[in-house]
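Participant: To be precise about what I am sending: the file is called model.cif and holds mmCIF, C-alpha atoms.
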data_run
loop_
_atom_site.label_atom_id
_atom_site.label_comp_id
_atom_site.auth_asym_id
_atom_site.auth_seq_id
_atom_site.Cartn_x
_atom_site.Cartn_y
_atom_site.Cartn_z
CA MET W 18 -50.49 89.50 17.78
CA VAL W 19 -53.62 90.23 15.79
CA LYS W 20 -54.70 93.82 16.38
CA ASP W 21 -57.61 94.59 14.07
CA ILE W 22 -60.46 93.11 12.05
CA SER W 23 -58.16 92.33 9.13
CA GLY W 24 -56.25 89.90 11.35
CA ILE W 25 -59.46 88.19 12.42
CA LEU W 26 -60.51 87.93 8.78
CA ALA W 27 -57.09 86.53 7.83
CA PHE W 28 -57.39 83.88 10.53
CA ALA W 29 -60.98 83.10 9.48
CA PHE W 30 -59.83 82.68 5.88
CA ILE W 31 -57.11 80.26 6.97
CA GLY W 32 -59.77 78.35 8.92
CA LEU W 33 -61.96 78.19 5.82
CA VAL W 34 -59.07 76.89 3.70
CA SER W 35 -58.29 74.35 6.41
CA GLY W 36 -61.92 73.20 6.34
CA LEU W 37 -61.91 72.93 2.56
CA THR W 38 -58.68 70.95 2.69
CA ASN W 39 -60.22 68.57 5.20
CA TRP W 40 -63.41 68.22 3.17
CA SER W 41 -61.46 67.48 -0.02
CA GLY W 42 -59.78 64.58 1.77
CA MET W 43 -62.98 62.56 1.59
CA PHE W 44 -62.59 62.44 -2.20
CA PHE W 45 -58.96 61.42 -2.58
CA LEU W 46 -57.79 59.72 0.63
CA PRO W 47 -57.69 55.93 0.75
CA ASP W 48 -60.35 54.29 2.88
CA ILE W 49 -57.89 53.34 5.63
CA PRO W 50 -59.37 53.92 9.11
CA PHE W 51 -56.19 55.35 10.67
CA ILE W 52 -55.87 57.94 7.91
CA GLN W 53 -59.57 58.76 8.02
CA HIS W 54 -59.41 59.20 11.80
CA TYR W 55 -56.38 61.49 11.97
CA TYR W 56 -56.16 63.33 8.64
CA PRO W 57 -58.52 66.15 9.76
CA SER W 58 -56.57 66.87 12.93
CA VAL W 59 -53.19 66.81 11.16
CA VAL W 60 -54.49 69.29 8.59
CA LEU W 61 -55.94 71.48 11.34
CA GLY W 62 -52.66 71.41 13.27
CA ILE W 63 -50.67 72.43 10.19
CA TYR W 64 -52.99 75.35 9.42
CA LEU W 65 -52.92 76.43 13.07
CA TYR W 66 -49.14 76.48 12.87
CA PHE W 67 -49.17 78.64 9.73
CA ALA W 68 -51.67 81.04 11.28
CA GLY W 69 -49.63 81.43 14.45
CA ARG W 70 -46.26 81.63 12.77
CA TYR W 71 -46.96 83.67 9.65
CA VAL W 72 -50.09 85.71 10.43
CA ALA W 73 -49.79 86.38 14.16
CA HIS W 74 -45.96 86.16 14.11
CA LEU W 75 -45.87 84.21 17.36
CA LYS W 76 -42.72 82.64 18.73
CA GLY W 77 -42.71 79.07 19.94
CA PHE W 78 -40.15 76.70 21.43
CA ASN W 79 -38.90 75.85 17.97
CA HIS W 80 -40.74 75.48 14.68
CA PHE W 81 -40.95 71.70 14.60
CA LEU W 82 -41.97 71.37 18.24
CA SER W 83 -44.70 74.02 17.89
CA LEU W 84 -46.05 72.24 14.81
CA LEU W 85 -45.95 68.88 16.59
CA ILE W 86 -47.74 70.25 19.66
CA LEU W 87 -50.50 71.73 17.50
CA ILE W 88 -50.96 68.50 15.55
CA ILE W 89 -51.04 66.37 18.71
CA THR W 90 -53.48 68.61 20.57
CA SER W 91 -55.66 68.89 17.46
CA SER W 92 -55.69 65.08 17.28
CA ILE W 93 -56.63 64.86 20.95
CA GLY W 94 -59.36 67.44 20.41
CA TRP W 95 -60.67 65.72 17.29
CA ARG W 96 -60.95 62.33 18.97
CA ALA W 97 -62.24 63.80 22.27
CA SER W 98 -64.91 65.79 20.45
CA ILE W 99 -66.23 62.58 18.91
CA GLU W 100 -65.59 60.04 21.66
CA ILE W 101 -66.51 62.27 24.62
CA GLY W 102 -68.17 65.51 23.49
CA HIS W 103 -70.62 64.13 20.95
CA ALA W 104 -71.06 60.88 22.87
CA MET W 105 -72.31 62.86 25.91
CA GLY W 106 -75.42 63.39 23.84
CA GLY W 107 -78.03 65.62 25.35
CA PRO W 108 -80.05 68.08 23.31
CA VAL W 109 -77.01 69.57 21.56
CA PRO W 110 -74.26 66.98 21.05
CA PHE W 111 -72.48 69.06 18.41
CA VAL W 112 -72.12 71.97 20.86
CA ASN W 113 -70.48 69.55 23.31
CA ALA W 114 -68.21 68.25 20.57
CA GLY W 115 -67.31 71.73 19.32
CA ALA W 116 -66.42 72.97 22.78
CA MET W 117 -64.40 69.84 23.58
CA GLY W 118 -62.36 70.06 20.38
CA ALA W 119 -61.79 73.79 20.76
CA LEU W 120 -60.66 73.40 24.35
CA ALA W 121 -57.92 70.98 23.28
CA VAL W 122 -56.88 73.32 20.45
CA ALA W 123 -56.78 76.29 22.83
CA LEU W 124 -54.56 74.41 25.28
CA GLY W 125 -52.27 73.37 22.42
CA TRP W 126 -52.13 76.96 21.15
CA VAL W 127 -51.09 78.22 24.60
CA ILE W 128 -48.36 75.57 24.90
CA ALA W 129 -47.06 75.75 21.32
CA TRP W 130 -46.72 79.53 21.27
CA LYS W 131 -45.65 79.95 24.92
CA ILE W 132 -48.57 82.27 25.66
CA ARG W 133 -47.98 83.86 29.07
CA ASN W 134 -50.66 86.56 29.33
CA GLY W 135 -54.41 86.23 28.98
CA ILE W 136 -54.34 82.43 29.04
CA ILE W 137 -57.74 82.02 30.71
CA LYS W 138 -59.32 84.60 28.37
CA LEU W 139 -57.90 82.81 25.33
CA ILE W 140 -59.04 79.37 26.49
CA VAL W 141 -62.55 80.61 27.32
CA ILE W 142 -63.00 82.56 24.08
CA VAL W 143 -61.68 79.74 21.87
CA THR W 144 -63.79 77.15 23.70
CA LEU W 145 -66.87 79.35 23.30
CA ALA W 146 -66.04 79.79 19.60
CA GLY W 147 -65.92 76.01 19.28
CA ALA W 148 -69.27 75.70 21.04
CA LEU W 149 -70.74 78.36 18.74
CA GLY W 150 -69.44 76.48 15.72
CA GLY W 151 -70.98 73.31 17.13
CA GLY W 152 -74.29 75.11 17.67
CA ILE W 153 -74.37 76.39 14.12
CA PHE W 154 -73.56 72.91 12.90
CA GLN W 155 -76.34 71.50 15.11
CA LEU W 156 -78.76 73.64 13.07
CA ALA W 157 -77.14 72.64 9.77
CA ASP W 158 -77.33 68.98 10.76
CA ALA W 159 -81.11 69.27 11.04
CA ILE W 160 -81.29 70.67 7.49
CA PHE W 161 -78.68 68.54 5.68
CA ASP W 162 -79.34 65.28 7.51
CA ASP W 163 -78.54 62.74 4.80
CA SER W 164 -76.33 64.61 2.32
CA GLU W 165 -72.87 63.50 3.45
CA ASN W 166 -70.85 65.70 1.07
CA ILE W 167 -72.68 68.87 2.13
CA TRP W 168 -72.75 67.77 5.77
CA VAL W 169 -68.97 67.26 5.94
CA LEU W 170 -68.31 70.48 3.98
CA ILE W 171 -70.37 72.52 6.44
CA LEU W 172 -68.91 70.75 9.47
CA PHE W 173 -65.29 71.39 8.58
CA CYS W 174 -65.63 74.81 6.97
CA GLU W 175 -67.89 76.59 9.40
CA TRP W 176 -66.39 75.13 12.58
CA GLN W 177 -62.77 75.74 11.59
CA THR W 178 -63.55 79.25 10.30
CA ILE W 179 -65.20 80.16 13.60
CA LEU W 180 -62.43 78.47 15.59
CA PHE W 181 -59.69 80.44 13.82
CA ALA W 182 -61.64 83.70 14.12
CA GLY W 183 -62.07 82.96 17.85
CA ILE W 184 -58.33 82.46 18.27
CA ALA W 185 -57.61 85.77 16.55
CA PHE W 186 -60.30 87.53 18.55
CA ALA W 187 -58.86 86.16 21.80
CA HIS W 188 -55.55 87.81 20.94
CA GLN W 189 -57.13 91.25 20.64
CA ARG W 190 -55.95 93.78 23.17
CA LYS W 191 -57.77 96.81 24.48
CA ARG W 192 -56.33 100.00 23.07
#
Would you mind writing the file's structure down as structure tokens?
Facilitator:
Amino acid sequence: MVKDISGILAFAFIGLVSGLTNWSGMFFLPDIPFIQHYYPSVVLGIYLYFAGRYVAHLKGFNHFLSLLILIITSSIGWRASIEIGHAMGGPVPFVNAGAMGALAVALGWVIAWKIRNGIIKLIVIVTLAGALGGGIFQLADAIFDDSENIWVLILFCEWQTILFAGIAFAHQRKR
């Protein structure tokens, strides 16, 4: 488990790299709807796996199954954040979307890594991190309204960085 600020920073860095990887996909991926819809969540799931396995040294059911769970729940979160969270509207649709996506990721994290202690704390903290990332993006959306390249860069990088930092923070234990 992550036990100090360096672990949180390591997770945040992985989140940033995940966001940059997702952003770069808009330049080289073919314009095929299925790929465009699921590429971000597959990338997120892969980076979540690497963070859990190689940074936090968590144990899952088996490597392939943990990876698959993280990709599937990231895909569910990605689609739910758009189709449900953002579609709910209201004054802050990106906060709704961020929380919805993070909730799915948190549930996937708990299942993939067989988390047995502090489940509620982890789910709440990660969901709040997703909402925070959505709130920050809500502000960025007002500034970078029509610049798609910047908009997508900020969306992926800041949200995934905050999400990963939230996951690491949720694993902190009182000393």
Participant: Residues within 10 Å of W:Ile99, please, as a list in words. Count all atoms listed in the file; anything in the same chain fewer than 6 positions from it doesn't count.
Facilitator: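 The residues that qualify are Met105, Pro110, Phe111, Asn113, Ala114, Gly115, Met117 and Gly118 of chain W.
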Participant: Please list, as a VMD selection string, the residues that have an atom at most 8 Å away from (-58.4, 72.8, 22.4) in the coordinates of this file, counting only C-alpha atoms.
Facilitator: chain W and resid 90 to 91 94 117 to 126 140 143 to 144
Participant: Hey, what comes out of the PyMOL selection byres ((chain W and resi 130) around 12) on this file? Could you write it as an mmCIF file with C-alpha atoms, in the coordinates of the input?
Facilitator:
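Just written: result-v7.cif:
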data_model
loop_
_atom_site.group_PDB
_atom_site.id
_atom_site.type_symbol
_atom_site.label_atom_id
_atom_site.label_comp_id
_atom_site.auth_asym_id
_atom_site.auth_seq_id
_atom_site.Cartn_x
_atom_site.Cartn_y
_atom_site.Cartn_z
ATOM 1 C CA MET W 18 -50.490 89.500 17.780
ATOM 2 C CA LEU W 65 -52.920 76.430 13.070
ATOM 3 C CA TYR W 66 -49.140 76.480 12.870
ATOM 4 C CA PHE W 67 -49.170 78.640 9.730
ATOM 5 C CA ALA W 68 -51.670 81.040 11.280
ATOM 6 C CA GLY W 69 -49.630 81.430 14.450
ATOM 7 C CA ARG W 70 -46.260 81.630 12.770
ATOM 8 C CA ALA W 73 -49.790 86.380 14.160
ATOM 9 C CA HIS W 74 -45.960 86.160 14.110
ATOM 10 C CA LEU W 75 -45.870 84.210 17.360
ATOM 11 C CA LYS W 76 -42.720 82.640 18.730
ATOM 12 C CA GLY W 77 -42.710 79.070 19.940
ATOM 13 C CA PHE W 78 -40.150 76.700 21.430
ATOM 14 C CA ASN W 79 -38.900 75.850 17.970
ATOM 15 C CA HIS W 80 -40.740 75.480 14.680
ATOM 16 C CA PHE W 81 -40.950 71.700 14.600
ATOM 17 C CA LEU W 82 -41.970 71.370 18.240
ATOM 18 C CA SER W 83 -44.700 74.020 17.890
ATOM 19 C CA LEU W 84 -46.050 72.240 14.810
ATOM 20 C CA LEU W 85 -45.950 68.880 16.590
ATOM 21 C CA ILE W 86 -47.740 70.250 19.660
ATOM 22 C CA LEU W 87 -50.500 71.730 17.500
ATOM 23 C CA VAL W 122 -56.880 73.320 20.450
ATOM 24 C CA ALA W 123 -56.780 76.290 22.830
ATOM 25 C CA LEU W 124 -54.560 74.410 25.280
ATOM 26 C CA GLY W 125 -52.270 73.370 22.420
ATOM 27 C CA TRP W 126 -52.130 76.960 21.150
ATOM 28 C CA VAL W 127 -51.090 78.220 24.600
ATOM 29 C CA ILE W 128 -48.360 75.570 24.900
ATOM 30 C CA ALA W 129 -47.060 75.750 21.320
ATOM 31 C CA LYS W 131 -45.650 79.950 24.920
ATOM 32 C CA ILE W 132 -48.570 82.270 25.660
ATOM 33 C CA ARG W 133 -47.980 83.860 29.070
ATOM 34 C CA ASN W 134 -50.660 86.560 29.330
ATOM 35 C CA ILE W 136 -54.340 82.430 29.040
#
Participant: W:Glu175: which residues within 12 Å, counting only C-alpha atoms, same-chain residues fewer than 3 positions away excluded, as JSON, numbers by chain?
Facilitator: {"W": [29, 30, 31, 32, 33, 34, 35, 36, 37, 39, 40, 115, 146, 147, 148, 149, 150, 151, 152, 153, 154, 155, 156, 157, 167, 168, 169, 170, 171, 172, 178, 179, 180, 181, 182]}
Participant: Rounded to one decimal, what separation in Å do you get between atom CA of W:Val112 and atom CA of W:Gly183?
Facilitator: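 A separation of 15.2 Å between them.
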Participant: May I ask for the distance between atom CA of W:His54 and atom CA of W:Val141, given in Å to one decimal place?
Facilitator: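 Atom-to-atom, atom CA of W:His54 to atom CA of W:Val141, that is 26.6 Å.
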Participant: Have a look at atom CA of W:Asp21 and atom CA of W:Val60 and let me know their distance in Å, one decimal.
Facilitator: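 Between atom CA of W:Asp21 and atom CA of W:Val60 the gap works out to 26.1 Å.
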Participant: Report as JSON the centre and the edge lengths, in Å to one decimal, of the axis-aligned box holding every listed atom of stretch 105-124 of chain W, padded by 3 Å on each side.
Facilitator:
{"center_x": -67.3, "center_y": 69.6, "center_z": 22.2, "size_x": 31.5, "size_y": 19.4, "size_z": 13.5}
Participant: Which is closer to W:Val109 than all the others in W:Ile142, W:Val59, W:Ala159, W:Leu26, using all atoms listed in the file?
Facilitator: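 Once distances to W:Val109 are computed over all atoms listed in the file, the minimum belongs to W:Ala159.
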Participant: Find, counting only C-alpha atoms, the residue in W:Gly102, W:Ser41, W:Phe161, W:Tyr71 that gets nearest to W:Gly24.
Facilitator: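 Using only C-alpha atoms, W:Gly24 sits closest to W:Tyr71.
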Participant: If you count only C-alpha atoms, which residues fall within 8 Å of W:Gly42, apart from same-chain ones fewer than 4 positions away, as a list in words?
Facilitator: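 Answer for this query is Thr38, Leu46 and Tyr56 of chain W.
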Participant: Output C-alpha atoms for every residue in the selection just made, as a CSV table (one decimal), keeping the file's coordinate frame.
Facilitator:
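Result file is again_32.csv:
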chain,number,residue,atom,x,y,z
W,38,THR,CA,-58.7,71.0,2.7
W,46,LEU,CA,-57.8,59.7,0.6
W,56,TYR,CA,-56.2,63.3,8.6
